>>> print(open('final-v2.txt').read())   # compact mmCIF, C-alpha atoms
# COMPACT_ATOMS: atom_id res chain seq x y z
CA MET A 1 84.28 80.57 54.35
CA ALA A 2 87.19 79.31 56.35
CA ALA A 3 86.98 75.94 54.60
CA ALA A 4 86.99 77.62 51.21
CA ALA A 5 90.05 79.61 52.19
CA VAL A 6 91.79 76.46 53.27
CA GLN A 7 90.99 74.74 50.04
CA GLY A 8 92.44 77.53 47.99
CA GLY A 9 95.81 75.98 47.45
CA ARG A 10 96.96 76.40 51.02
CA SER A 11 98.43 73.93 53.37
CA GLY A 12 95.71 72.01 55.15
CA GLY A 13 97.56 72.05 58.44
CA SER A 14 97.60 75.82 58.57
CA GLY A 15 93.89 75.91 59.17
CA GLY A 16 94.69 75.11 62.79
CA CYS A 17 92.90 78.17 64.01
CA SER A 18 89.89 77.80 61.80
CA GLY A 19 89.36 74.06 62.19
CA ALA A 20 86.61 72.92 64.48
CA GLY A 21 88.97 70.73 66.41
CA GLY A 22 91.40 73.61 66.58
CA ALA A 23 94.18 73.64 69.13
CA SER A 24 93.16 74.61 72.59
CA ASN A 25 95.44 77.60 72.64
CA CYS A 26 93.58 79.08 69.71
CA GLY A 27 90.34 78.43 71.51
CA THR A 28 91.48 80.32 74.55
CA GLY A 29 92.68 83.12 72.31
CA SER A 30 89.16 83.59 70.99
CA GLY A 31 87.66 83.30 74.40
CA ARG A 32 90.02 85.86 75.77
CA SER A 33 88.89 88.52 73.37
CA GLY A 34 85.55 88.59 75.15
CA LEU A 35 87.14 89.05 78.58
CA LEU A 36 87.98 92.64 79.24
CA ASP A 37 89.72 93.67 82.39
CA LYS A 38 88.61 97.09 83.34
CA ARG A 39 91.09 99.70 84.44
CA GLN A 40 90.61 100.33 88.07
CA ALA A 41 89.71 103.77 89.26
CA LEU A 42 92.19 103.75 92.13
CA THR A 43 93.33 107.28 91.81
CA ILE A 44 94.90 107.37 95.21
CA LEU A 45 97.19 104.41 94.76
CA PRO A 46 99.45 103.68 91.83
CA ARG A 47 97.73 101.26 89.53
CA LEU A 48 98.99 97.74 89.53
CA ASP A 49 96.93 96.20 86.82
CA SER A 50 96.59 98.86 84.22
CA SER A 51 96.38 96.70 81.16
CA SER A 52 94.77 93.45 80.34
CA TRP A 53 96.46 90.26 79.37
CA ALA A 54 98.05 89.39 76.15
CA GLN A 55 98.72 85.92 75.03
CA ALA A 56 101.16 85.11 72.33
CA VAL A 57 98.88 82.68 70.58
CA LEU A 58 100.82 80.83 67.93
CA PRO A 59 99.19 78.39 65.55
CA PRO A 60 100.50 74.87 65.79
CA GLN A 61 102.36 74.96 62.47
CA PRO A 62 104.14 77.80 60.76
CA PRO A 63 101.58 79.62 58.67
CA LYS A 64 101.77 79.23 54.97
CA TYR A 65 98.56 80.92 53.92
CA LEU A 66 98.76 84.27 52.23
CA GLY A 67 95.84 86.06 53.79
CA TRP A 68 95.08 86.54 57.45
CA GLN A 69 91.96 84.79 58.55
CA TRP A 70 91.90 85.15 62.31
CA LYS A 71 89.08 87.64 62.55
CA ILE A 72 86.53 85.27 61.10
CA ASP A 73 86.77 82.91 63.98
CA ASP A 74 86.96 85.30 66.87
CA LYS A 75 83.88 86.50 68.67
CA PRO A 76 83.34 90.18 68.00
CA VAL A 77 84.22 92.35 70.94
CA LYS A 78 81.22 94.12 72.41
CA ILE A 79 81.40 96.67 75.18
CA ASP A 80 79.54 99.57 76.66
CA LYS A 81 80.31 102.35 74.23
CA TRP A 82 79.87 105.07 76.81
CA ASP A 83 82.44 103.62 79.16
CA GLY A 84 85.73 105.32 78.33
CA SER A 85 88.06 102.85 79.95
CA ALA A 86 86.32 99.83 78.45
CA VAL A 87 86.60 101.42 75.02
CA LYS A 88 90.31 102.10 75.48
CA ASN A 89 90.90 98.60 76.81
CA SER A 90 89.19 96.94 73.90
CA LEU A 91 91.05 99.07 71.36
CA ASP A 92 94.34 98.29 73.08
CA ASP A 93 93.58 94.59 73.19
CA SER A 94 92.68 94.48 69.55
CA ALA A 95 95.82 96.35 68.58
CA LYS A 96 97.80 93.81 70.59
CA LYS A 97 96.05 90.98 68.80
CA VAL A 98 96.82 92.43 65.42
CA LEU A 99 100.49 92.80 66.16
CA LEU A 100 100.89 89.45 67.84
CA GLU A 101 98.78 87.32 65.57
CA LYS A 102 99.11 88.90 62.19
CA TYR A 103 102.77 89.70 62.30
CA LYS A 104 103.69 86.89 64.62
CA TYR A 105 105.69 88.95 67.04
CA VAL A 106 106.47 87.63 70.46
CA GLU A 107 105.42 89.58 73.49
CA ASN A 108 107.96 90.67 76.05
CA PHE A 109 106.63 90.87 79.58
CA GLY A 110 109.59 92.77 80.98
CA LEU A 111 107.70 95.95 81.86
CA ILE A 112 104.84 94.16 83.56
CA ASP A 113 107.29 91.95 85.40
CA GLY A 114 109.11 95.00 86.69
CA ARG A 115 105.91 96.42 88.08
CA LEU A 116 104.99 93.10 89.63
CA THR A 117 108.38 92.82 91.31
CA ILE A 118 108.10 96.25 92.89
CA CYS A 119 104.61 95.50 94.18
CA THR A 120 105.61 92.14 95.55
CA ILE A 121 108.53 93.64 97.43
CA SER A 122 106.24 96.30 98.93
CA CYS A 123 103.74 93.69 100.07
CA PHE A 124 106.60 91.72 101.53
CA PHE A 125 107.61 94.68 103.70
CA ALA A 126 104.02 95.09 104.83
CA ILE A 127 103.77 91.43 105.81
CA VAL A 128 107.05 91.56 107.70
CA ALA A 129 105.81 94.59 109.64
CA LEU A 130 102.53 92.87 110.43
CA ILE A 131 104.09 89.66 111.69
CA TRP A 132 106.85 91.36 113.67
CA ASP A 133 104.37 93.63 115.41
CA TYR A 134 102.18 90.67 116.25
CA MET A 135 105.05 88.73 117.78
CA HIS A 136 106.64 91.63 119.67
CA PRO A 137 103.90 94.00 120.89
CA PHE A 138 104.25 97.61 120.10
CA PRO A 139 106.90 99.47 122.04
CA GLU A 140 109.60 96.89 121.35
CA SER A 141 108.80 96.63 117.67
CA LYS A 142 109.18 100.34 117.01
CA PRO A 143 112.51 100.32 115.10
CA VAL A 144 111.51 97.43 112.85
CA LEU A 145 108.13 99.02 112.18
CA ALA A 146 109.71 102.35 111.35
CA LEU A 147 112.07 100.63 108.92
CA CYS A 148 109.27 98.71 107.21
CA VAL A 149 107.02 101.74 106.89
CA ILE A 150 109.78 103.87 105.39
CA SER A 151 110.78 101.10 102.98
CA TYR A 152 107.17 100.64 101.94
CA PHE A 153 106.69 104.27 101.07
CA VAL A 154 110.02 104.37 99.28
CA MET A 155 108.86 101.41 97.15
CA MET A 156 105.61 103.24 96.44
CA GLY A 157 107.64 106.21 95.26
CA ILE A 158 109.72 103.95 93.04
CA LEU A 159 106.57 102.39 91.65
CA THR A 160 105.13 105.79 90.79
CA ILE A 161 108.33 106.86 89.05
CA TYR A 162 108.47 103.54 87.20
CA THR A 163 104.90 103.82 85.99
CA SER A 164 105.29 107.42 84.95
CA TYR A 165 108.65 107.40 83.27
CA LYS A 166 109.61 103.91 82.26
CA GLU A 167 106.25 102.44 81.42
CA LYS A 168 104.43 105.59 80.34
CA SER A 169 101.35 104.40 78.51
CA ILE A 170 102.99 101.46 76.79
CA PHE A 171 100.81 98.39 76.85
CA LEU A 172 102.67 96.12 74.50
CA VAL A 173 106.33 95.38 73.89
CA ALA A 174 106.81 92.84 71.14
CA HIS A 175 109.95 91.37 69.66
CA ARG A 176 110.55 90.40 66.11
CA LYS A 177 113.18 87.76 65.99
CA ASP A 178 115.77 88.23 63.33
CA PRO A 179 115.31 85.51 60.72
CA THR A 180 119.04 85.06 60.29
CA GLY A 181 119.43 84.65 64.03
CA MET A 182 122.54 86.82 64.12
CA ASP A 183 121.26 90.28 64.98
CA PRO A 184 119.44 91.25 68.17
CA ASP A 185 115.65 91.45 67.98
CA ASP A 186 113.76 94.43 66.71
CA ILE A 187 111.38 95.86 69.26
CA TRP A 188 107.90 97.17 68.60
CA GLN A 189 106.13 99.19 71.27
CA LEU A 190 102.49 100.17 71.36
CA SER A 191 101.17 102.96 73.51
CA SER A 192 97.84 104.70 73.46
CA SER A 193 95.90 107.46 75.07
CA LEU A 194 92.27 108.36 75.33
CA LYS A 195 91.34 111.35 77.41
CA ARG A 196 88.38 111.18 79.73
CA PHE A 197 85.10 112.01 78.02
CA ASP A 198 86.97 112.60 74.77
CA ASP A 199 86.46 110.57 71.62
CA LYS A 200 89.90 110.96 70.08
CA TYR A 201 92.00 107.85 70.46
CA THR A 202 95.72 108.12 69.79
CA LEU A 203 97.72 105.01 69.05
CA LYS A 204 101.49 105.27 68.77
CA LEU A 205 103.70 102.56 67.37
CA THR A 206 107.43 102.75 68.08
CA PHE A 207 110.02 100.71 66.26
CA ILE A 208 113.46 100.20 67.75
CA SER A 209 115.86 98.49 65.42
CA GLY A 210 117.88 95.75 67.00
CA ARG A 211 120.93 96.35 64.91
CA THR A 212 121.23 100.12 64.77
CA LYS A 213 119.34 100.91 68.00
CA GLN A 214 117.53 103.61 66.11
CA GLN A 215 114.02 104.57 67.09
CA ARG A 216 111.17 105.45 64.75
CA GLU A 217 107.57 106.21 65.61
CA ALA A 218 104.27 106.58 63.88
CA GLU A 219 100.90 107.40 65.33
CA PHE A 220 97.36 108.14 64.40
CA THR A 221 94.58 109.97 66.18
CA LYS A 222 91.08 108.98 65.21
CA SER A 223 87.69 109.26 66.75
CA ILE A 224 86.53 106.05 68.38
CA ALA A 225 83.31 106.43 66.44
CA LYS A 226 85.18 105.19 63.40
CA PHE A 227 85.83 101.81 64.98
CA PHE A 228 82.69 101.06 66.98
CA ASP A 229 79.18 100.58 65.73
CA HIS A 230 75.96 101.64 67.46
CA SER A 231 75.73 98.61 69.68
CA GLY A 232 79.30 98.96 70.95
CA THR A 233 80.85 96.22 68.84
CA LEU A 234 84.39 96.80 67.70
CA VAL A 235 84.52 96.55 63.93
CA MET A 236 87.86 94.95 63.17
CA ASP A 237 87.49 95.58 59.46
CA ALA A 238 87.80 99.29 60.15
CA TYR A 239 90.44 99.03 62.85
CA GLU A 240 92.83 96.47 61.53
CA PRO A 241 93.81 98.33 58.35
CA GLU A 242 94.78 101.35 60.43
CA ILE A 243 97.17 99.33 62.47
CA SER A 244 98.58 97.54 59.49
CA ARG A 245 99.14 100.88 57.83
CA LEU A 246 101.03 102.18 60.86
CA HIS A 247 103.11 99.07 60.98
CA ASP A 248 103.88 99.01 57.31
CA SER A 249 104.88 102.66 57.26
CA LEU A 250 107.55 101.88 59.82
CA ALA A 251 108.53 98.56 58.28
CA ILE A 252 108.95 99.97 54.80
CA GLU A 253 111.33 102.64 56.00
CA ARG A 254 113.42 99.90 57.45
CA LYS A 255 113.56 97.98 54.20
CA ILE A 256 114.65 101.01 52.24
CA LYS A 257 117.66 101.35 54.48
CA MET B 258 103.06 75.91 75.86
CA CYS B 259 102.70 79.58 75.16
CA ARG B 260 106.30 80.55 74.68
CA LYS B 261 108.35 77.51 73.97
CA GLY B 262 110.90 79.18 71.78
CA LEU B 263 111.58 82.20 73.92
CA ARG B 264 114.90 82.17 75.70
CA GLN B 265 115.61 85.80 76.51
CA ASN B 266 113.45 86.37 79.54
CA ASN B 267 114.86 84.35 82.34
CA ASN B 268 113.50 86.12 85.35
CA PHE B 269 110.94 84.60 87.67
CA PHE B 270 107.85 86.40 86.50
CA SER B 271 108.33 85.72 82.84
CA SER B 272 108.30 82.06 83.62
CA CYS B 273 105.17 82.76 85.62
CA HIS B 274 103.38 83.48 82.38
CA VAL B 275 103.77 79.84 81.48
CA TRP B 276 102.53 78.61 84.83
CA SER B 277 100.51 75.45 84.90
CA THR B 278 97.44 77.44 84.02
CA LEU B 279 97.05 81.00 82.96
CA TYR B 280 94.37 81.15 85.61
CA THR B 281 96.86 80.70 88.44
CA CYS B 282 98.92 83.57 87.13
CA LYS B 283 95.88 85.83 86.81
CA LEU B 284 94.87 84.89 90.31
CA TYR B 285 98.25 86.05 91.54
CA TYR B 286 97.74 89.42 89.86
CA GLN B 287 94.33 89.82 91.49
CA VAL B 288 95.62 88.81 94.90
CA LEU B 289 98.57 91.17 94.58
CA ASN B 290 96.25 93.99 93.61
CA PHE B 291 94.10 93.43 96.65
CA GLY B 292 97.19 93.03 98.79
CA MET B 293 98.47 96.42 97.68
CA ILE B 294 95.34 98.17 98.89
CA VAL B 295 95.41 96.39 102.23
CA SER B 296 99.14 97.00 102.61
CA SER B 297 98.80 100.71 102.02
CA ALA B 298 96.13 101.05 104.71
CA LEU B 299 98.16 98.91 107.08
CA MET B 300 101.35 100.86 106.50
CA ILE B 301 99.62 104.17 107.08
CA TRP B 302 98.31 102.89 110.39
CA LYS B 303 101.68 101.50 111.45
CA GLY B 304 103.34 104.72 110.35
CA LEU B 305 100.99 106.67 112.59
CA MET B 306 101.81 104.32 115.43
CA VAL B 307 105.52 104.95 115.00
CA ILE B 308 105.18 108.72 114.67
CA THR B 309 102.92 109.20 117.67
CA GLY B 310 104.54 106.51 119.79
CA SER B 311 101.16 105.23 120.87
CA GLU B 312 99.87 101.76 120.13
CA SER B 313 96.46 103.11 119.18
CA PRO B 314 96.86 106.58 117.74
CA ILE B 315 93.19 107.13 116.92
CA VAL B 316 90.40 106.16 119.30
CA VAL B 317 86.67 106.74 119.51
CA VAL B 318 85.01 107.96 122.71
CA LEU B 319 82.47 105.32 123.71
CA SER B 320 80.83 106.69 126.83
CA GLY B 321 79.57 110.04 127.99
CA SER B 322 81.79 110.22 131.07
CA MET B 323 83.79 113.17 129.74
CA GLU B 324 80.95 115.47 128.80
CA PRO B 325 80.85 118.36 128.03
CA ALA B 326 84.41 118.06 126.73
CA PHE B 327 83.99 114.87 124.68
CA HIS B 328 80.76 113.29 123.59
CA ARG B 329 80.03 109.77 122.49
CA GLY B 330 81.33 109.29 118.97
CA ASP B 331 84.16 111.81 119.00
CA LEU B 332 87.42 110.80 117.38
CA LEU B 333 90.56 111.45 119.43
CA PHE B 334 94.16 111.76 118.23
CA LEU B 335 96.69 110.53 120.74
CA THR B 336 100.43 110.86 121.21
CA ASN B 337 102.56 109.06 123.70
CA ARG B 338 105.93 110.75 123.78
CA VAL B 339 108.21 109.62 126.55
CA GLU B 340 109.51 113.08 127.25
CA ASP B 341 106.08 114.68 127.91
CA PRO B 342 105.39 114.65 131.65
CA ILE B 343 101.89 113.77 132.85
CA ARG B 344 100.43 116.64 134.82
CA VAL B 345 97.21 117.11 136.75
CA GLY B 346 94.35 118.25 134.54
CA GLU B 347 95.55 116.47 131.41
CA ILE B 348 93.31 114.07 129.57
CA VAL B 349 94.84 110.63 129.25
CA VAL B 350 93.69 107.45 127.60
CA PHE B 351 94.68 104.42 129.65
CA ARG B 352 94.10 100.73 129.70
CA ILE B 353 93.35 98.85 132.92
CA GLU B 354 94.98 95.47 133.30
CA GLY B 355 92.61 92.73 132.39
CA ARG B 356 90.35 95.01 130.36
CA GLU B 357 90.53 95.41 126.65
CA ILE B 358 88.87 98.74 126.06
CA PRO B 359 90.88 101.87 126.88
CA ILE B 360 89.28 104.63 128.93
CA VAL B 361 89.63 108.36 128.40
CA HIS B 362 89.53 110.41 131.63
CA ARG B 363 91.27 113.35 133.28
CA VAL B 364 94.18 113.13 135.75
CA LEU B 365 93.19 114.16 139.28
CA LYS B 366 96.18 113.51 141.57
CA ILE B 367 99.82 112.66 140.99
CA HIS B 368 102.53 111.22 143.20
CA GLU B 369 105.97 111.75 141.71
CA LYS B 370 109.28 110.35 142.86
CA GLN B 371 112.69 111.94 142.37
CA ASN B 372 113.57 109.55 139.60
CA GLY B 373 110.49 110.56 137.61
CA HIS B 374 108.35 107.54 138.47
CA ILE B 375 104.70 108.58 138.55
CA LYS B 376 101.52 107.27 140.12
CA PHE B 377 98.27 109.02 139.25
CA LEU B 378 94.55 108.92 139.85
CA THR B 379 91.92 109.67 137.24
CA LYS B 380 88.28 110.71 137.13
CA GLY B 381 85.81 111.35 134.36
CA ASP B 382 84.49 114.90 134.19
CA ASN B 383 80.92 113.71 134.14
CA ASN B 384 81.36 111.07 136.83
CA ALA B 385 80.53 111.63 140.50
CA VAL B 386 83.46 109.59 141.88
CA ASP B 387 87.04 108.91 140.86
CA ASP B 388 88.06 105.81 138.97
CA ARG B 389 89.25 103.68 141.86
CA GLY B 390 86.16 101.57 141.41
CA LEU B 391 87.19 100.79 137.88
CA TYR B 392 90.77 99.80 138.62
CA LYS B 393 91.86 96.24 139.23
CA GLN B 394 91.19 94.67 142.61
CA GLY B 395 93.72 96.13 145.05
CA GLN B 396 95.04 98.71 142.60
CA HIS B 397 94.74 102.31 143.80
CA TRP B 398 96.96 104.17 141.33
CA LEU B 399 97.80 104.05 137.68
CA GLU B 400 101.29 104.08 136.26
CA LYS B 401 102.93 105.31 133.10
CA LYS B 402 102.88 101.86 131.55
CA ASP B 403 99.08 101.80 131.57
CA VAL B 404 98.87 104.91 129.45
CA VAL B 405 97.95 104.45 125.79
CA GLY B 406 98.39 108.13 125.00
CA ARG B 407 97.40 111.70 125.69
CA ALA B 408 94.67 113.41 123.75
CA ARG B 409 96.10 116.05 121.45
CA GLY B 410 93.16 116.83 119.19
CA PHE B 411 89.73 115.62 118.29
CA VAL B 412 87.13 115.53 115.56
CA PRO B 413 83.52 115.54 116.74
CA TYR B 414 80.85 112.98 115.82
CA ILE B 415 82.78 111.11 113.13
CA GLY B 416 83.27 108.03 115.29
CA ILE B 417 79.52 107.38 115.47
CA VAL B 418 79.92 105.02 112.51
CA THR B 419 82.34 102.85 114.49
CA ILE B 420 79.97 102.76 117.44
CA LEU B 421 77.08 101.78 115.21
CA MET B 422 79.12 99.04 113.61
CA ASN B 423 80.06 97.69 117.03
CA ASP B 424 76.59 97.83 118.50
CA TYR B 425 74.84 96.46 115.45
CA PRO B 426 77.05 93.81 113.83
CA LYS B 427 74.50 93.32 111.08
CA PHE B 428 75.13 96.88 109.98
CA LYS B 429 78.87 96.13 109.73
CA TYR B 430 78.29 93.04 107.59
CA ALA B 431 75.85 94.92 105.39
CA VAL B 432 78.41 97.67 104.78
CA LEU B 433 81.17 95.18 104.02
CA PHE B 434 78.90 93.21 101.71
CA LEU B 435 77.89 96.31 99.78
CA LEU B 436 81.52 97.38 99.48
CA GLY B 437 82.53 93.97 98.16
CA LEU B 438 79.66 94.00 95.72
CA PHE B 439 80.61 97.44 94.49
CA VAL B 440 84.23 96.42 93.90
CA LEU B 441 83.21 93.29 92.01
CA VAL B 442 80.63 95.03 89.86
CA HIS B 443 82.97 97.89 89.14
CA ARG B 444 85.65 95.53 87.89
CA GLU B 445 83.33 94.04 85.29
>>> encode(input="final-v2.txt", output="structure tokens")
Amino acid sequence: MAAAAVQGGRSGGSGGCSGAGGASNCGTGSGRSGLLDKRQALTILPRLDSSSWAQAVLPPQPPKYLGWQWKIDDKPVKIDKWDGSAVKNSLDDSAKKVLLEKYKYVENFGLIDGRLTICTISCFFAIVALIWDYMHPFPESKPVLALCVISYFVMMGILTIYTSYKEKSIFLVAHRKDPTGMDPDDIWQLSSSLKRFDDKYTLKLTFISGRTKQQREAEFTKSIAKFFDHSGTLVMDAYEPEISRLHDSLAIERKIK
Amino acid sequence: MCRKGLRQNNNFFSSCHVWSTLYTCKLYYQVLNFGMIVSSALMIWKGLMVITGSESPIVVVLSGSMEPAFHRGDLLFLTNRVEDPIRVGEIVVFRIEGREIPIVHRVLKIHEKQNGHIKFLTKGDNNAVDDRGLYKQGQHWLEKKDVVGRARGFVPYIGIVTILMNDYPKFKYAVLFLLGLFVLVHRE
């Protein structure tokens, strides 16, 4: 089926993803769809790793084919349908894939990097406290220890504020580079929510125009039963049109302006 | 390889996403995650140390020498404020030079100088004799520097787990193994 698509008047080189000897980055892209990082149930501590990885997997040549053939070659995503966080993760990952691979946006890791920085600084304070206390046994190390402990908990507070207000439930920030190269990039943000033991999944797409700095959003709330079959496999044919529809509703508004 | 054309993100971590392998980067995330949990526990302990002023703010009673006040397995909360004077009848936790394990007994006699320097003798409630037999060779009195802290409160029986883990190391390894297994399985 992939070969037939390639033959249909399209550039042979564009079948990079579908070819058997396809580029290794495409191979890892497919492999990654089967690897789901589960959200950790650390309710006491702020979550570090709340979303799984995204890779901006670009085909080796600029695509010239009209349709979008990626889903044929990827392994279908299968998870435990009763596990709420696995379901949310897989839906999020697939939405990421759609945006990054179909529309060729480039992912921006700024939010994740911010979280990583805060966590690294906190760990650094903890290590300093540990080593200092080891080298100068307790009573002498009191001021340094006090400083490190206070700094650590301040960083934890910052991390909580960062996760709650800056990151919210955004799991993807993608840039669309301006084709003329003159205007700043447009930003697309994806955020989602799925309540515990609930079946309604809400996906929100936010568009921030690079030029006018205006923000537009669109969202849909659907039951997860619409996207998963009985065995827990995510049916991309049902999911992908939803996302495309969201995206196009925002993109069209832009064009009209 | 992944983001050749991207110029905007110049900070350290963005470049980390194009590390030699994606695996190294993921490993860093995992390690950091684990490090956060360990750091939080460590910081809480150090924080307690700073607040109470004692180098071991929570101890477990190991022997029955303070019955009927404290039994084996009770958890004790200690403070070690400089301004609190040690008086006869108070329960102190002290460490004898050359021994690792602190002892919790009651103060029996005190000699106090004008400048506040103290020498004291201790005895366990349930013991027949005072602690001179336990002290170092030639030492007859304890001093303030030997004190780890004074007991301020206690929780009964909870420390039995610690005693079990010390007496039966296999139990400790079994618990740790099960915990590790649980974390790994849960992540899948």
>>> atom_distance(input="final-v2.txt", atom1="atom CA of Val364 of chain B", atom2="atom CA of Gly381 of chain B")
8.7 Å
>>> residues_near_point(input="final-v2.txt", point="(84.8, 113.6, 137.8)", cutoff="9 Å", atoms="only C-alpha atoms", output="ChimeraX atom specification")
/B:322-323,362-363,365,379-388
>>> atom_distance(input="final-v2.txt", atom1="atom CA of Leu205 of chain A", atom2="atom CA of Tyr165 of chain A")
17.3 Å
>>> residues_near_point(input="final-v2.txt", point="(103.9, 98.3, 61.0)", cutoff="9 Å", atoms="only C-alpha atoms", output="list in words")
Leu99, Tyr103, Trp188, Leu205, Phe207, Ala218, Ile243, Ser244, Arg245, Leu246, His247, Asp248, Ser249, Leu250, Ala251 and Ile252 of chain A
>>> closest_atom_pairs(input="final-v2.txt", of="segment 131-230 of chain A", to="segment 287-295 of chain B", cutoff="12 Å", atoms="only C-alpha atoms", output="Markdown table")
| residue | atom | partner | partner_atom | distance |
| --- | --- | --- | --- | --- |
| A:Tyr152 | CA | B:Met293 | CA | 10.6 |
| A:Phe153 | CA | B:Met293 | CA | 11.9 |
| A:Met155 | CA | B:Met293 | CA | 11.5 |
| A:Met156 | CA | B:Met293 | CA | 10.0 |
| A:Leu159 | CA | B:Met293 | CA | 11.7 |
